[in-house]
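Structure data follow from model.txt (compact mmCIF, C-alpha atoms):
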```txt
# COMPACT_ATOMS: atom_id res chain seq x y z
CA MET A 11 -14.27 -2.48 -14.81
CA THR A 12 -15.77 0.38 -12.85
CA ALA A 13 -18.20 -1.95 -11.06
CA LEU A 14 -15.29 -4.11 -9.95
CA ALA A 15 -13.38 -1.07 -8.68
CA LYS A 16 -16.48 0.15 -6.82
CA GLU A 17 -16.92 -3.29 -5.23
CA ILE A 18 -13.32 -3.32 -4.03
CA TRP A 19 -13.65 0.24 -2.71
CA ASN A 20 -16.81 -0.62 -0.76
CA GLY A 21 -15.22 -3.69 0.85
CA ARG A 22 -12.19 -1.88 2.19
CA HIS A 23 -13.80 -0.99 5.54
CA LEU A 24 -14.34 -4.57 6.70
CA LEU A 25 -10.90 -5.64 5.56
CA GLY A 26 -9.34 -2.63 7.31
CA ALA A 27 -11.21 -3.42 10.53
CA ILE A 28 -9.98 -7.01 10.49
CA VAL A 29 -6.39 -5.91 9.90
CA ARG A 30 -6.50 -3.25 12.65
CA TYR A 31 -7.97 -5.69 15.17
CA ASP A 32 -5.39 -8.38 14.50
CA LEU A 33 -2.52 -5.88 14.49
CA LYS A 34 -3.58 -4.54 17.89
CA ALA A 35 -4.01 -8.08 19.23
CA SER A 36 -0.55 -9.11 18.05
CA LEU A 37 1.06 -5.98 19.52
CA ILE A 38 -0.63 -6.49 22.89
CA THR A 39 0.59 -10.07 23.19
CA SER A 40 4.17 -9.10 22.40
CA ARG A 41 6.23 -7.66 25.24
CA VAL A 42 8.21 -5.36 23.00
CA GLY A 43 5.18 -4.40 20.89
CA PHE A 44 5.64 -2.26 17.81
CA LEU A 45 9.36 -1.91 18.47
CA TRP A 46 9.84 -5.60 17.59
CA TRP A 47 9.04 -4.82 13.94
CA PHE A 48 12.31 -2.86 13.85
CA VAL A 49 14.40 -4.83 16.32
CA ASP A 50 13.93 -8.18 14.53
CA PRO A 51 15.35 -7.05 11.15
CA ALA A 52 18.03 -5.01 12.91
CA LEU A 53 19.23 -8.13 14.71
CA LEU A 54 19.28 -10.03 11.43
CA ILE A 55 21.32 -7.22 9.84
CA LEU A 56 23.79 -7.49 12.68
CA ILE A 57 24.04 -11.27 12.27
CA TYR A 58 24.53 -11.03 8.50
CA TRP A 59 27.12 -8.28 8.96
CA VAL A 60 29.10 -10.32 11.47
CA PHE A 61 28.95 -13.41 9.29
CA ILE A 62 29.77 -11.79 5.94
CA VAL A 63 32.15 -8.99 6.90
CA ILE A 64 33.92 -10.33 9.95
CA LEU A 65 33.93 -14.11 9.55
CA LEU A 66 34.17 -14.35 5.76
CA GLY A 67 36.20 -11.16 5.29
CA ARG A 68 34.10 -9.88 2.40
CA GLY A 69 34.16 -6.24 3.43
CA ALA A 70 34.81 -4.78 -0.04
CA TYR A 71 31.36 -3.24 -0.14
CA ALA A 72 31.60 -0.67 2.68
CA PRO A 73 27.95 0.08 3.58
CA TYR A 74 26.93 -3.59 3.69
CA PRO A 75 24.55 -3.16 6.67
CA LEU A 76 22.70 -0.41 4.80
CA PHE A 77 22.54 -2.54 1.67
CA ILE A 78 21.17 -5.59 3.48
CA GLY A 79 18.80 -3.43 5.56
CA CYS A 80 17.18 -1.91 2.49
CA ALA A 81 16.28 -5.40 1.34
CA LEU A 82 15.59 -7.05 4.69
CA PHE A 83 13.07 -4.59 6.18
CA PRO A 84 10.59 -4.79 3.28
CA TRP A 85 11.14 -8.53 2.85
CA ARG A 86 10.40 -9.30 6.52
CA TYR A 87 7.28 -7.11 6.39
CA PHE A 88 6.08 -8.82 3.20
CA VAL A 89 6.71 -12.32 4.57
CA ARG A 90 4.91 -11.50 7.80
CA CYS A 91 1.89 -10.07 5.97
CA VAL A 92 1.54 -12.94 3.52
CA GLY A 93 2.24 -15.58 6.14
CA ASN A 94 -0.36 -14.29 8.58
CA GLY A 95 -2.91 -13.32 5.94
CA ALA A 96 -4.42 -16.75 5.40
CA SER A 97 -4.70 -17.54 9.11
CA ILE A 98 -6.31 -14.18 9.82
CA LEU A 99 -8.90 -14.67 7.09
CA ARG A 100 -9.56 -18.23 8.24
CA SER A 101 -10.06 -17.15 11.83
CA ARG A 102 -12.42 -14.33 10.80
CA ARG A 103 -14.45 -16.33 8.28
CA THR A 104 -17.70 -15.96 10.23
CA LEU A 105 -17.35 -12.19 10.21
CA ILE A 106 -16.57 -12.16 6.51
CA ARG A 107 -19.51 -14.44 5.71
CA SER A 108 -21.96 -12.49 7.87
CA ALA A 109 -21.34 -9.14 6.15
CA LYS A 110 -21.93 -8.35 2.51
CA PHE A 111 -18.39 -8.76 1.40
CA SER A 112 -16.99 -9.56 -2.00
CA THR A 113 -14.14 -12.05 -2.23
CA ILE A 114 -12.44 -9.94 -4.89
CA VAL A 115 -11.30 -7.59 -2.10
CA LEU A 116 -9.27 -10.41 -0.60
```
Entire entry expressed as structure tokens:
Amino acid sequence: MTALAKEIWNGRHLLGAIVRYDLKASLITSRVGFLWWFVDPALLILIYWVFIVILLGRGAYAPYPLFIGCALFPWRYFVRCVGNGASILRSRRTLIRSAKFSTIVL
């Protein structure tokens, strides 16, 4: 088990470089940049709040925006990471194949 842990630890640099490069590239192409990671879930919280509390009249739970925000921020981050993960690895396959890189890190 220690050899496996050492292999994962040694492969972290290449994986980190790939992630940093793609994160910078995605932030440059967006007009709002890093702020969009917070604005997007905040807009969804506002939409859910309007729909549930105002339109449906289910305002019994007072801090509903806080409740939905605690679930929505991590969920949107997780979905974005998993959704983009395969395409990032596919687009960087030549870099991954050229370096000594274990697939267990992925």
- prompt: Between CA of Phe44 (chain A) and CA of Gly26 (chain A), what is the distance, to one decimal in Å?
  reply: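 Value for the CA of Phe44 (chain A)-CA of Gly26 (chain A) distance: 18.3 Å.
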task: Enter the distance from CA of Ala72 (chain A) to CA of Phe88 (chain A), in Å, rounded to one decimal.
output: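 For CA of Ala72 (chain A) relative to CA of Phe88 (chain A), the distance reads 26.8 Å.
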Check which residues of region 74-111 of chain A sit at most 10 Å from region 31-36 of chain A using all atoms listed in the file, and return one row each with the closest pair of atoms and their distance in Å to one decimal, ordered by chain and rising number, as CSV.
```
residue,atom,partner,partner_atom,distance
A:Asn94,CA,A:Asp32,CA,9.8
A:Ile98,CA,A:Asp32,CA,7.5
A:Arg102,CA,A:Asp32,CA,9.9
```
- prompt: Separation of CA of Arg100 (chain A) and CA of Pro51 (chain A), in Å?
  reply: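 Result for CA of Arg100 (chain A) versus CA of Pro51 (chain A): 27.5 Å, one decimal.
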Leu82 (chain A) environment, 9 Å, only C-alpha atoms, sequence neighbours closer than 2 positions dropped, as a PyMOL selection string: chain A and resi 51-52+54-55+77-80+84-87
task: For each of A:Ala13, A:Val63, A:Phe83, A:Thr104, take the minimum atom-to-atom distance to Val49 (chain A), counting only C-alpha atoms, then give the residue where this is smallest.
output: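 Under the stated criterion, the closest residue is A:Phe83.
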message: My list of candidates is A:Leu25, A:Ile62, A:Arg90, A:Gly95. Which is closest to Asp50 (chain A) when distances are computed with all atoms listed in the file?
response: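 Under the stated criterion, the closest residue is A:Arg90.
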Let me have the centre and edge lengths in Å, one decimal, of the box along x, y and z around every listed atom of region 81-86 of chain A with 6 Å of margin on each side, as JSON.
```
{"center_x": 13.3, "center_y": -6.9, "center_z": 3.9, "size_x": 17.9, "size_y": 16.7, "size_z": 17.2}
```
